[in-house]
file model00.cif (mmCIF, C-alpha atoms)
data_structure
#
loop_
_atom_site.label_atom_id
_atom_site.label_comp_id
_atom_site.auth_asym_id
_atom_site.auth_seq_id
_atom_site.Cartn_x
_atom_site.Cartn_y
_atom_site.Cartn_z
CA MET B 1 8.44 -15.68 -20.86
CA ILE B 2 5.65 -13.58 -22.36
CA LEU B 3 3.90 -14.06 -25.70
CA LEU B 4 2.09 -11.18 -27.41
CA GLU B 5 -0.42 -11.75 -30.19
CA THR B 6 0.41 -9.71 -33.31
CA ASP B 7 -1.19 -9.16 -36.67
CA GLN B 8 0.46 -9.89 -40.01
CA LEU B 9 2.36 -6.57 -39.97
CA GLY B 10 4.05 -7.40 -36.68
CA HIS B 11 2.10 -4.83 -34.67
CA PRO B 12 -0.02 -5.78 -31.64
CA ALA B 13 -3.48 -7.09 -32.35
CA ASP B 14 -6.42 -4.86 -31.43
CA ARG B 15 -6.83 -6.41 -27.99
CA ASN B 16 -3.07 -6.70 -27.30
CA ARG B 17 -3.68 -10.12 -25.77
CA CYS B 18 -0.63 -11.55 -24.07
CA ARG B 19 0.17 -14.55 -21.91
CA CYS B 20 2.95 -15.01 -19.38
CA PHE B 21 4.62 -18.34 -18.67
CA GLN B 22 6.61 -19.69 -15.74
CA ILE B 23 9.23 -22.11 -17.09
CA ARG B 24 11.12 -24.89 -15.34
CA ASP B 25 13.12 -27.45 -17.31
CA SER B 26 10.78 -28.56 -20.13
CA GLN B 27 7.58 -27.41 -18.39
CA ALA B 28 5.72 -24.15 -19.00
CA THR B 29 2.61 -22.92 -17.18
CA ALA B 30 0.60 -19.73 -17.76
CA VAL B 31 0.95 -17.31 -14.82
CA PHE B 32 0.76 -13.64 -13.95
CA CYS B 33 4.08 -11.80 -13.78
CA GLY B 34 4.37 -8.07 -13.15
CA ASN B 35 7.94 -7.89 -14.44
CA SER B 36 6.95 -9.61 -17.69
CA VAL B 37 4.17 -7.12 -18.32
CA ALA B 38 6.58 -4.26 -17.53
CA ALA B 39 9.04 -5.76 -20.01
CA LEU B 40 6.27 -5.77 -22.61
CA GLY B 41 5.77 -2.04 -22.03
CA GLY B 42 9.51 -1.41 -22.43
CA VAL B 43 9.82 -3.51 -25.58
CA SER B 44 6.76 -1.83 -27.06
CA ALA B 45 8.29 1.59 -26.40
CA HIS B 46 11.54 0.44 -27.98
CA ARG B 47 9.64 -0.67 -31.08
CA GLU B 48 7.75 2.65 -31.15
CA ILE B 49 4.37 0.98 -31.12
CA LEU B 50 3.06 2.80 -28.06
CA LYS B 51 -0.45 4.17 -28.05
CA ASP B 52 -2.24 6.95 -26.14
CA ASP B 53 0.78 9.08 -25.24
CA HIS B 54 3.29 6.38 -24.30
CA GLU B 55 0.83 3.84 -22.95
CA ILE B 56 -0.04 0.36 -24.12
CA ILE B 57 -2.96 -1.75 -22.95
CA ALA B 58 -2.36 -5.48 -22.51
CA HIS B 59 -4.89 -8.24 -21.85
CA PHE B 60 -3.99 -11.71 -20.64
CA GLU B 61 -5.71 -14.71 -19.17
CA VAL B 62 -6.13 -15.54 -15.49
CA VAL B 63 -4.68 -18.98 -14.78
CA GLY B 64 -7.38 -21.63 -15.00
CA ASP B 65 -10.41 -19.31 -14.92
CA GLY B 66 -10.31 -17.98 -18.47
CA ALA B 67 -11.06 -14.45 -17.25
CA ALA B 68 -8.95 -11.45 -18.21
CA VAL B 69 -7.01 -8.92 -16.16
CA THR B 70 -6.39 -5.60 -17.89
CA ALA B 71 -2.83 -4.33 -17.48
CA ARG B 72 -2.15 -0.73 -18.49
CA THR B 73 1.50 0.20 -18.95
CA ALA B 74 3.08 3.60 -19.51
CA ALA B 75 6.71 3.65 -20.61
CA TYR B 76 9.00 6.67 -20.37
CA GLN B 77 12.47 6.82 -21.88
CA LEU B 78 15.50 6.99 -19.58
CA PRO B 79 19.17 7.54 -20.51
CA LEU B 80 19.41 3.73 -20.48
CA GLY B 81 16.14 1.96 -21.21
CA TYR B 82 12.69 2.89 -19.97
CA LYS B 83 10.75 3.48 -16.78
CA VAL B 84 7.53 1.51 -16.94
CA THR B 85 4.55 2.20 -14.70
CA GLN B 86 1.58 -0.10 -14.75
CA SER B 87 -1.85 -0.53 -13.19
CA TRP B 88 -3.85 -3.73 -13.21
CA SER B 89 -7.64 -3.83 -13.26
CA VAL B 90 -9.04 -6.93 -11.52
CA THR B 91 -12.70 -7.85 -11.08
CA ALA B 92 -13.36 -8.38 -7.37
CA ASP B 93 -15.67 -11.38 -7.84
CA MET B 94 -12.75 -13.32 -9.36
CA LEU B 95 -11.22 -13.66 -5.88
CA ARG B 96 -11.41 -17.11 -4.25
CA VAL B 97 -10.21 -17.46 -0.64
CA SER B 98 -10.14 -20.51 1.63
CA ASN B 99 -8.51 -21.28 4.99
CA ASP B 100 -6.65 -24.31 6.30
CA ILE B 101 -4.32 -25.37 9.10
CA ILE B 102 -1.09 -27.07 7.99
CA ASP B 103 1.53 -28.23 10.49
CA GLY B 104 -0.15 -26.05 13.14
CA LEU B 105 0.07 -22.87 11.04
CA GLU B 106 -2.83 -20.91 9.56
CA VAL B 107 -2.75 -21.01 5.76
CA VAL B 108 -4.89 -18.83 3.49
CA ARG B 109 -5.25 -19.98 -0.12
CA CYS B 110 -5.99 -17.16 -2.51
CA ARG B 111 -6.82 -17.78 -6.14
CA LEU B 112 -6.57 -14.61 -8.19
CA LEU B 113 -3.18 -13.41 -9.41
CA ASN B 114 -1.71 -16.92 -9.57
CA ASP B 115 -2.51 -19.50 -6.89
CA TYR B 116 -1.10 -18.00 -3.67
CA LEU B 117 -0.68 -19.58 -0.25
CA LEU B 118 -0.31 -17.11 2.63
CA ILE B 119 1.25 -18.77 5.69
CA ASP B 120 0.98 -17.01 9.05
CA ALA B 121 4.24 -18.15 10.65
CA PRO B 122 6.13 -17.03 13.79
CA ARG B 123 9.39 -17.81 11.99
CA LEU B 124 10.80 -17.79 8.51
CA LEU B 125 10.91 -21.07 6.57
CA SER B 126 13.32 -22.82 4.25
CA MET B 127 12.25 -24.24 0.89
CA GLN B 128 12.86 -27.73 2.28
CA LYS B 129 10.62 -27.08 5.30
CA LEU B 130 7.94 -25.66 3.01
CA LYS B 131 7.98 -28.79 0.86
CA GLN B 132 7.72 -30.93 4.00
CA MET B 133 4.70 -28.94 5.19
CA LEU B 134 2.88 -29.25 1.88
CA GLY B 135 4.03 -32.81 1.24
CA ARG B 136 5.02 -31.93 -2.30
CA PRO B 137 6.97 -29.42 -4.43
CA LEU B 138 5.29 -26.19 -5.48
CA ARG B 139 3.47 -26.24 -8.80
CA LEU B 140 4.66 -23.86 -11.51
CA ASP B 141 1.55 -21.67 -11.10
CA GLU B 142 1.73 -21.73 -7.30
CA LYS B 143 3.39 -19.13 -5.08
CA VAL B 144 3.78 -18.87 -1.32
CA VAL B 145 4.02 -15.90 1.06
CA VAL B 146 5.38 -16.67 4.54
CA LEU B 147 4.61 -13.76 6.86
CA ASP B 148 6.05 -13.28 10.36
CA ARG B 149 3.80 -10.54 11.70
CA ASN B 150 5.48 -10.56 15.12
CA GLN B 151 8.25 -8.38 13.67
CA ASN B 152 8.05 -4.66 12.95
CA PRO B 153 7.78 -4.28 10.05
CA PRO B 154 6.39 -7.77 9.34
CA ARG B 155 8.98 -10.04 7.72
CA ALA B 156 7.95 -11.79 4.50
CA GLN B 157 9.36 -14.51 2.29
CA PHE B 158 8.06 -15.24 -1.20
CA PHE B 159 8.53 -18.64 -2.80
CA THR B 160 7.96 -19.85 -6.36
CA ALA B 161 8.48 -23.30 -7.84
CA ASN B 162 12.08 -22.23 -8.51
CA GLY B 163 12.82 -21.40 -4.86
CA LEU B 164 13.03 -18.36 -2.59
CA HIS B 165 12.44 -15.02 -4.32
CA GLY B 166 15.23 -12.51 -3.70
CA ALA B 167 12.78 -9.74 -2.80
CA ALA B 168 9.02 -9.63 -3.50
CA PRO B 169 7.18 -10.38 -6.76
CA GLN B 170 4.78 -7.67 -7.82
CA THR B 171 1.86 -10.08 -7.80
CA GLY B 172 2.79 -11.01 -4.21
CA LEU B 173 2.66 -7.38 -3.09
CA ALA B 174 -0.70 -7.03 -4.86
CA ILE B 175 -2.11 -10.16 -3.19
CA LEU B 176 -1.11 -8.89 0.26
CA SER B 177 -2.86 -5.59 -0.48
CA ILE B 178 -6.03 -7.37 -1.63
CA LEU B 179 -6.13 -9.83 1.29
CA ALA B 180 -5.49 -7.04 3.80
CA HIS B 181 -8.99 -5.79 2.90
CA ARG B 182 -10.47 -9.24 3.60
CA ILE B 183 -8.48 -10.68 6.53
CA GLU B 184 -8.51 -8.73 9.79
CA TRP B 185 -5.20 -9.98 11.22
CA LEU B 186 -3.41 -9.25 7.96
CA GLY B 187 -4.91 -5.77 7.71
CA ASP B 188 -3.76 -5.07 11.28
CA ALA B 189 -0.24 -6.34 10.49
CA LEU B 190 0.00 -4.17 7.38
CA THR B 191 -1.28 -0.94 8.91
CA ASP B 192 1.93 0.86 7.91
CA GLY B 193 1.81 -0.60 4.39
CA VAL B 194 5.34 -2.04 4.43
CA ILE B 195 7.02 -5.43 4.83
CA GLU B 196 10.64 -6.50 5.19
CA THR B 197 11.99 -8.89 2.55
CA PRO B 198 15.47 -10.37 1.97
CA ALA B 199 16.18 -7.32 -0.21
CA GLY B 200 14.97 -4.77 2.34
CA VAL B 201 11.73 -2.92 3.06
CA GLU B 202 9.04 -3.06 0.34
CA THR B 203 5.79 -1.11 0.09
CA VAL B 204 2.60 -3.11 -0.26
CA VAL B 205 1.07 -1.79 -3.47
CA PRO B 206 -1.88 0.60 -3.16
CA MET B 207 -5.25 -0.27 -4.63
CA ALA B 208 -8.66 1.30 -5.04
CA SER B 209 -11.33 -1.11 -3.74
CA SER B 210 -14.70 -1.41 -5.47
CA SER B 211 -16.36 -4.01 -7.71
CA THR B 212 -13.20 -3.66 -9.81
CA TRP B 213 -9.85 -3.28 -8.10
CA GLU B 214 -7.29 -0.91 -9.60
CA ILE B 215 -3.87 -2.06 -8.43
CA LEU B 216 -0.91 0.29 -8.91
CA MET B 217 2.24 -1.76 -9.42
CA PRO B 218 5.73 -0.47 -8.52
CA ASP B 219 7.72 1.24 -11.29
CA VAL B 220 10.12 -1.04 -13.16
CA SER B 221 13.25 -0.09 -15.10
CA VAL B 222 13.47 -1.96 -18.41
CA ARG B 223 16.49 -2.25 -20.70
CA VAL B 224 16.06 -3.82 -24.13
CA TYR B 225 18.77 -5.88 -25.84
CA PRO B 226 18.69 -7.62 -29.22
CA LEU B 227 18.44 -11.42 -29.08
CA THR B 228 21.07 -13.23 -31.10
CA ILE B 229 20.32 -16.84 -31.99
#
call {"tool": "encode", "arguments": {"input": "model00.cif", "output": "structure tokens"}}
result
Amino acid sequence: MILLETDQLGHPADRNRCRCFQIRDSQATAVFCGNSVAALGGVSAHREILKDDHEIIAHFEVVGDGAAVTARTAAYQLPLGYKVTQSWSVTADMLRVSNDIIDGLEVVRCRLLNDYLLIDAPRLLSMQKLKQMLGRPLRLDEKVVVLDRNQNPPRAQFFTANGLHGAAPQTGLAILSILAHRIEWLGDALTDGVIETPAGVETVVPMASSSTWEILMPDVSVRVYPLTI
């Protein structure tokens, strides 16, 4: 779910501040979600409130840190719906990385676009095995990447609190791209810039590295339907 601040006329506020939520049962936690931001771009195009030649700027809060990531979306009309491209601007000094060994496997904890755990594993894992390793269920704002870099291309699984992701979340692809610049073994594994997921081969998103990272997210197709309550 994504909430967008609006003014009294129903148009986006000047800063277009929005917040994404991961929901499970009666719980909701603020997270980053690339598909949600893409949906915002599609809905905005549908409502004809786009700015700057079919582009809308959205700001939302980083989980727990109170800092903001700038997401820039550009929506283009298709025969059915919209194609939405987006780039995210992230300040490099927001990145927090720590290392640990859990159940004999190297684990990298990255706090930036959600709270990510990167597990260097010689095999793929089940959700049950993952819970056993951590000794608890995943939090709503926590995501896990299990990477088997012995395969070519490397095989990856992405987990959220709701279970195994069917492919790869956009934030997960972005985190791999960012960490590949910081962790030598990961950079070596991702030399070709691709991973294999349950849905097939995915490209690790490109980024320009400086004091501010510009991350180019994959294009997303968005279709807008009226909500009937």
call {"tool": "closest_residue", "arguments": {"input": "model00.cif", "among": "B:Ala92, B:Ala45, B:Leu118, B:Leu112", "to": "Ser210 (chain B)", "atoms": "all atoms listed in the file"}}
result
B:Ala92
call {"tool": "resolve_selection", "arguments": {"input": "model00.cif", "expression": "the PyMOL selection byres ((chain B and resi 91) around 9)", "output": "PyMOL selection string"}}
result
chain B and resi 68-69+89-90+92-95+210-214
call {"tool": "residues_near_point", "arguments": {"input": "model00.cif", "point": "(-3.1, -14.0, -27.3)", "cutoff": "7 Å", "atoms": "only C-alpha atoms", "output": "PDB file with C-alpha atoms, in the coordinates of the input"}}
result
ATOM      1  CA  LEU B   4       2.090 -11.180 -27.410  1.00  0.00           C
ATOM      2  CA  GLU B   5      -0.420 -11.750 -30.190  1.00  0.00           C
ATOM      3  CA  ARG B  17      -3.680 -10.120 -25.770  1.00  0.00           C
ATOM      4  CA  CYS B  18      -0.630 -11.550 -24.070  1.00  0.00           C
ATOM      5  CA  ARG B  19       0.170 -14.550 -21.910  1.00  0.00           C
TER       6      ARG B  19
END
call {"tool": "residues_near_point", "arguments": {"input": "model00.cif", "point": "(3.2, -19.4, -19.4)", "cutoff": "8 Å", "atoms": "all atoms listed in the file", "output": "list in words"}}
result
Met1, Ile2, Arg19, Cys20, Phe21, Gln22, Ile23, Ala28, Thr29, Ala30 and Val31 of chain B
call {"tool": "write_last_selection", "arguments": {"input": "model00.cif", "atoms": "C-alpha atoms", "output": "PDB file, in the coordinates of the input"}}
result
ATOM      1  CA  MET B   1       8.440 -15.680 -20.860  1.00  0.00           C
ATOM      2  CA  ILE B   2       5.650 -13.580 -22.360  1.00  0.00           C
ATOM      3  CA  ARG B  19       0.170 -14.550 -21.910  1.00  0.00           C
ATOM      4  CA  CYS B  20       2.950 -15.010 -19.380  1.00  0.00           C
ATOM      5  CA  PHE B  21       4.620 -18.340 -18.670  1.00  0.00           C
ATOM      6  CA  GLN B  22       6.610 -19.690 -15.740  1.00  0.00           C
ATOM      7  CA  ILE B  23       9.230 -22.110 -17.090  1.00  0.00           C
ATOM      8  CA  ALA B  28       5.720 -24.150 -19.000  1.00  0.00           C
ATOM      9  CA  THR B  29       2.610 -22.920 -17.180  1.00  0.00           C
ATOM     10  CA  ALA B  30       0.600 -19.730 -17.760  1.00  0.00           C
ATOM     11  CA  VAL B  31       0.950 -17.310 -14.820  1.00  0.00           C
TER      12      VAL B  31
END
call {"tool": "resolve_selection", "arguments": {"input": "model00.cif", "expression": "the PyMOL selection byres ((chain B and resi 159-175) around 6)", "output": "ChimeraX atom specification"}}
result
/B:34,138-140,143-144,158,176-178,197-199,204-205
call {"tool": "atom_distance", "arguments": {"input": "model00.cif", "atom1": "CA of Gln132 (chain B)", "atom2": "CA of Ala180 (chain B)"}}
result
27.3 Å
call {"tool": "resolve_selection", "arguments": {"input": "model00.cif", "expression": "the PyMOL selection byres ((chain B and resi 84) around 9)", "output": "number ranges by chain"}}
result
B: 38-39, 41-42, 73-77, 82-83, 85-86, 218-222
call {"tool": "atom_distance", "arguments": {"input": "model00.cif", "atom1": "CA of Thr203 (chain B)", "atom2": "CA of Leu190 (chain B)"}}
result
9.8 Å
call {"tool": "closest_residue", "arguments": {"input": "model00.cif", "among": "B:Leu179, B:Pro226, B:Leu117, B:Ile195", "to": "Pro154 (chain B)", "atoms": "only C-alpha atoms"}}
result
B:Ile195
call {"tool": "atom_distance", "arguments": {"input": "model00.cif", "atom1": "CA of Leu216 (chain B)", "atom2": "CA of Trp88 (chain B)"}}
result
6.6 Å
call {"tool": "closest_residue", "arguments": {"input": "model00.cif", "among": "B:Leu134, B:Val194, B:Asn150, B:Val224", "to": "Arg47 (chain B)", "atoms": "all atoms listed in the file"}}
result
B:Val224
call {"tool": "closest_residue", "arguments": {"input": "model00.cif", "among": "B:Pro206, B:Gly187, B:Gly135, B:Gly193", "to": "Pro153 (chain B)", "atoms": "all atoms listed in the file"}}
result
B:Gly193
call {"tool": "closest_residue", "arguments": {"input": "model00.cif", "among": "B:Arg149, B:Val37, B:Gly104, B:Leu186", "to": "Arg72 (chain B)", "atoms": "only C-alpha atoms"}}
result
B:Val37
call {"tool": "residues_around", "arguments": {"input": "model00.cif", "residues": "Glu106 (chain B)", "least_positions_apart": "4", "cutoff": "9 Å", "atoms": "only C-alpha atoms", "output": "ChimeraX atom specification"}}
result
/B:99-102,118-121
call {"tool": "closest_residue", "arguments": {"input": "model00.cif", "among": "B:Arg123, B:Lys131, B:Arg223, B:His181", "to": "Gln157 (chain B)", "atoms": "all atoms listed in the file"}}
result
B:Arg123
call {"tool": "build_atoms", "arguments": {"input": "model00.cif", "residues": "region 204-229 of chain B", "atoms": "N, CA, C and O atoms", "output": "PDB file, in the coordinates of the input"}}
result
ATOM      1  N   VAL B 204       3.732  -2.352   0.268  1.00  0.00           N
ATOM      2  CA  VAL B 204       2.600  -3.110  -0.260  1.00  0.00           C
ATOM      3  C   VAL B 204       1.829  -2.203  -1.208  1.00  0.00           C
ATOM      4  O   VAL B 204       1.496  -1.073  -0.854  1.00  0.00           O
ATOM      5  N   VAL B 205       1.581  -2.674  -2.416  1.00  0.00           N
ATOM      6  CA  VAL B 205       1.070  -1.790  -3.470  1.00  0.00           C
ATOM      7  C   VAL B 205      -0.311  -1.250  -3.119  1.00  0.00           C
ATOM      8  O   VAL B 205      -1.141  -1.965  -2.553  1.00  0.00           O
ATOM      9  N   PRO B 206      -0.558   0.031  -3.433  1.00  0.00           N
ATOM     10  CA  PRO B 206      -1.880   0.600  -3.160  1.00  0.00           C
ATOM     11  C   PRO B 206      -2.915   0.110  -4.153  1.00  0.00           C
ATOM     12  O   PRO B 206      -2.594  -0.277  -5.274  1.00  0.00           O
ATOM     13  N   MET B 207      -4.176   0.119  -3.733  1.00  0.00           N
ATOM     14  CA  MET B 207      -5.250  -0.270  -4.630  1.00  0.00           C
ATOM     15  C   MET B 207      -6.518   0.477  -4.250  1.00  0.00           C
ATOM     16  O   MET B 207      -6.718   0.853  -3.097  1.00  0.00           O
ATOM     17  N   ALA B 208      -7.342   0.711  -5.257  1.00  0.00           N
ATOM     18  CA  ALA B 208      -8.660   1.300  -5.040  1.00  0.00           C
ATOM     19  C   ALA B 208      -9.669   0.164  -5.025  1.00  0.00           C
ATOM     20  O   ALA B 208      -9.742  -0.621  -5.970  1.00  0.00           O
ATOM     21  N   SER B 209     -10.433   0.030  -3.929  1.00  0.00           N
ATOM     22  CA  SER B 209     -11.330  -1.110  -3.740  1.00  0.00           C
ATOM     23  C   SER B 209     -12.751  -0.739  -4.149  1.00  0.00           C
ATOM     24  O   SER B 209     -13.314   0.233  -3.683  1.00  0.00           O
ATOM     25  N   SER B 210     -13.309  -1.536  -5.052  1.00  0.00           N
ATOM     26  CA  SER B 210     -14.700  -1.410  -5.470  1.00  0.00           C
ATOM     27  C   SER B 210     -15.061  -2.739  -6.112  1.00  0.00           C
ATOM     28  O   SER B 210     -14.455  -3.759  -5.816  1.00  0.00           O
ATOM     29  N   SER B 211     -16.056  -2.762  -7.005  1.00  0.00           N
ATOM     30  CA  SER B 211     -16.360  -4.010  -7.710  1.00  0.00           C
ATOM     31  C   SER B 211     -15.223  -4.398  -8.640  1.00  0.00           C
ATOM     32  O   SER B 211     -15.065  -5.566  -8.999  1.00  0.00           O
ATOM     33  N   THR B 212     -14.422  -3.408  -9.047  1.00  0.00           N
ATOM     34  CA  THR B 212     -13.200  -3.660  -9.810  1.00  0.00           C
ATOM     35  C   THR B 212     -12.037  -3.012  -9.076  1.00  0.00           C
ATOM     36  O   THR B 212     -12.083  -1.831  -8.744  1.00  0.00           O
ATOM     37  N   TRP B 213     -11.014  -3.798  -8.798  1.00  0.00           N
ATOM     38  CA  TRP B 213      -9.850  -3.280  -8.100  1.00  0.00           C
ATOM     39  C   TRP B 213      -8.856  -2.706  -9.089  1.00  0.00           C
ATOM     40  O   TRP B 213      -8.511  -3.351 -10.083  1.00  0.00           O
ATOM     41  N   GLU B 214      -8.368  -1.507  -8.820  1.00  0.00           N
ATOM     42  CA  GLU B 214      -7.290  -0.910  -9.600  1.00  0.00           C
ATOM     43  C   GLU B 214      -6.022  -0.985  -8.764  1.00  0.00           C
ATOM     44  O   GLU B 214      -5.917  -0.326  -7.730  1.00  0.00           O
ATOM     45  N   ILE B 215      -5.087  -1.803  -9.198  1.00  0.00           N
ATOM     46  CA  ILE B 215      -3.870  -2.060  -8.430  1.00  0.00           C
ATOM     47  C   ILE B 215      -2.702  -1.344  -9.110  1.00  0.00           C
ATOM     48  O   ILE B 215      -2.415  -1.578 -10.287  1.00  0.00           O
ATOM     49  N   LEU B 216      -2.043  -0.463  -8.375  1.00  0.00           N
ATOM     50  CA  LEU B 216      -0.910   0.290  -8.910  1.00  0.00           C
ATOM     51  C   LEU B 216       0.374  -0.452  -8.598  1.00  0.00           C
ATOM     52  O   LEU B 216       0.772  -0.532  -7.434  1.00  0.00           O
ATOM     53  N   MET B 217       1.013  -1.003  -9.607  1.00  0.00           N
ATOM     54  CA  MET B 217       2.240  -1.760  -9.420  1.00  0.00           C
ATOM     55  C   MET B 217       3.445  -0.823  -9.268  1.00  0.00           C
ATOM     56  O   MET B 217       3.415   0.318  -9.737  1.00  0.00           O
ATOM     57  N   PRO B 218       4.518  -1.303  -8.627  1.00  0.00           N
ATOM     58  CA  PRO B 218       5.730  -0.470  -8.520  1.00  0.00           C
ATOM     59  C   PRO B 218       6.331  -0.205  -9.904  1.00  0.00           C
ATOM     60  O   PRO B 218       6.184  -1.013 -10.829  1.00  0.00           O
ATOM     61  N   ASP B 219       7.019   0.941 -10.036  1.00  0.00           N
ATOM     62  CA  ASP B 219       7.720   1.240 -11.290  1.00  0.00           C
ATOM     63  C   ASP B 219       8.834   0.217 -11.520  1.00  0.00           C
ATOM     64  O   ASP B 219       9.456  -0.277 -10.582  1.00  0.00           O
ATOM     65  N   VAL B 220       9.071  -0.086 -12.781  1.00  0.00           N
ATOM     66  CA  VAL B 220      10.120  -1.040 -13.160  1.00  0.00           C
ATOM     67  C   VAL B 220      10.997  -0.405 -14.222  1.00  0.00           C
ATOM     68  O   VAL B 220      10.495   0.214 -15.168  1.00  0.00           O
ATOM     69  N   SER B 221      12.315  -0.536 -14.074  1.00  0.00           N
ATOM     70  CA  SER B 221      13.250  -0.090 -15.100  1.00  0.00           C
ATOM     71  C   SER B 221      13.485  -1.233 -16.089  1.00  0.00           C
ATOM     72  O   SER B 221      13.770  -2.355 -15.672  1.00  0.00           O
ATOM     73  N   VAL B 222      13.350  -0.945 -17.368  1.00  0.00           N
ATOM     74  CA  VAL B 222      13.470  -1.960 -18.410  1.00  0.00           C
ATOM     75  C   VAL B 222      14.555  -1.554 -19.397  1.00  0.00           C
ATOM     76  O   VAL B 222      14.563  -0.424 -19.899  1.00  0.00           O
ATOM     77  N   ARG B 223      15.481  -2.455 -19.647  1.00  0.00           N
ATOM     78  CA  ARG B 223      16.490  -2.250 -20.700  1.00  0.00           C
ATOM     79  C   ARG B 223      16.282  -3.321 -21.751  1.00  0.00           C
ATOM     80  O   ARG B 223      16.053  -4.493 -21.444  1.00  0.00           O
ATOM     81  N   VAL B 224      16.364  -2.925 -23.013  1.00  0.00           N
ATOM     82  CA  VAL B 224      16.060  -3.820 -24.130  1.00  0.00           C
ATOM     83  C   VAL B 224      17.346  -4.137 -24.894  1.00  0.00           C
ATOM     84  O   VAL B 224      18.110  -3.236 -25.258  1.00  0.00           O
ATOM     85  N   TYR B 225      17.577  -5.434 -25.099  1.00  0.00           N
ATOM     86  CA  TYR B 225      18.770  -5.880 -25.840  1.00  0.00           C
ATOM     87  C   TYR B 225      18.329  -6.767 -27.003  1.00  0.00           C
ATOM     88  O   TYR B 225      17.350  -7.509 -26.885  1.00  0.00           O
ATOM     89  N   PRO B 226      19.036  -6.722 -28.113  1.00  0.00           N
ATOM     90  CA  PRO B 226      18.690  -7.620 -29.220  1.00  0.00           C
ATOM     91  C   PRO B 226      19.030  -9.065 -28.851  1.00  0.00           C
ATOM     92  O   PRO B 226      19.995  -9.332 -28.134  1.00  0.00           O
ATOM     93  N   LEU B 227      18.207  -9.995 -29.329  1.00  0.00           N
ATOM     94  CA  LEU B 227      18.440 -11.420 -29.080  1.00  0.00           C
ATOM     95  C   LEU B 227      19.150 -12.009 -30.287  1.00  0.00           C
ATOM     96  O   LEU B 227      18.683 -11.920 -31.418  1.00  0.00           O
ATOM     97  N   THR B 228      20.304 -12.599 -30.029  1.00  0.00           N
ATOM     98  CA  THR B 228      21.070 -13.230 -31.100  1.00  0.00           C
ATOM     99  C   THR B 228      20.962 -14.740 -30.959  1.00  0.00           C
ATOM    100  O   THR B 228      21.280 -15.297 -29.905  1.00  0.00           O
ATOM    101  N   ILE B 229      20.490 -15.379 -32.008  1.00  0.00           N
ATOM    102  CA  ILE B 229      20.320 -16.840 -31.990  1.00  0.00           C
ATOM    103  C   ILE B 229      21.276 -17.453 -33.009  1.00  0.00           C
ATOM    104  O   ILE B 229      21.320 -17.038 -34.158  1.00  0.00           O
TER     105      ILE B 229
END
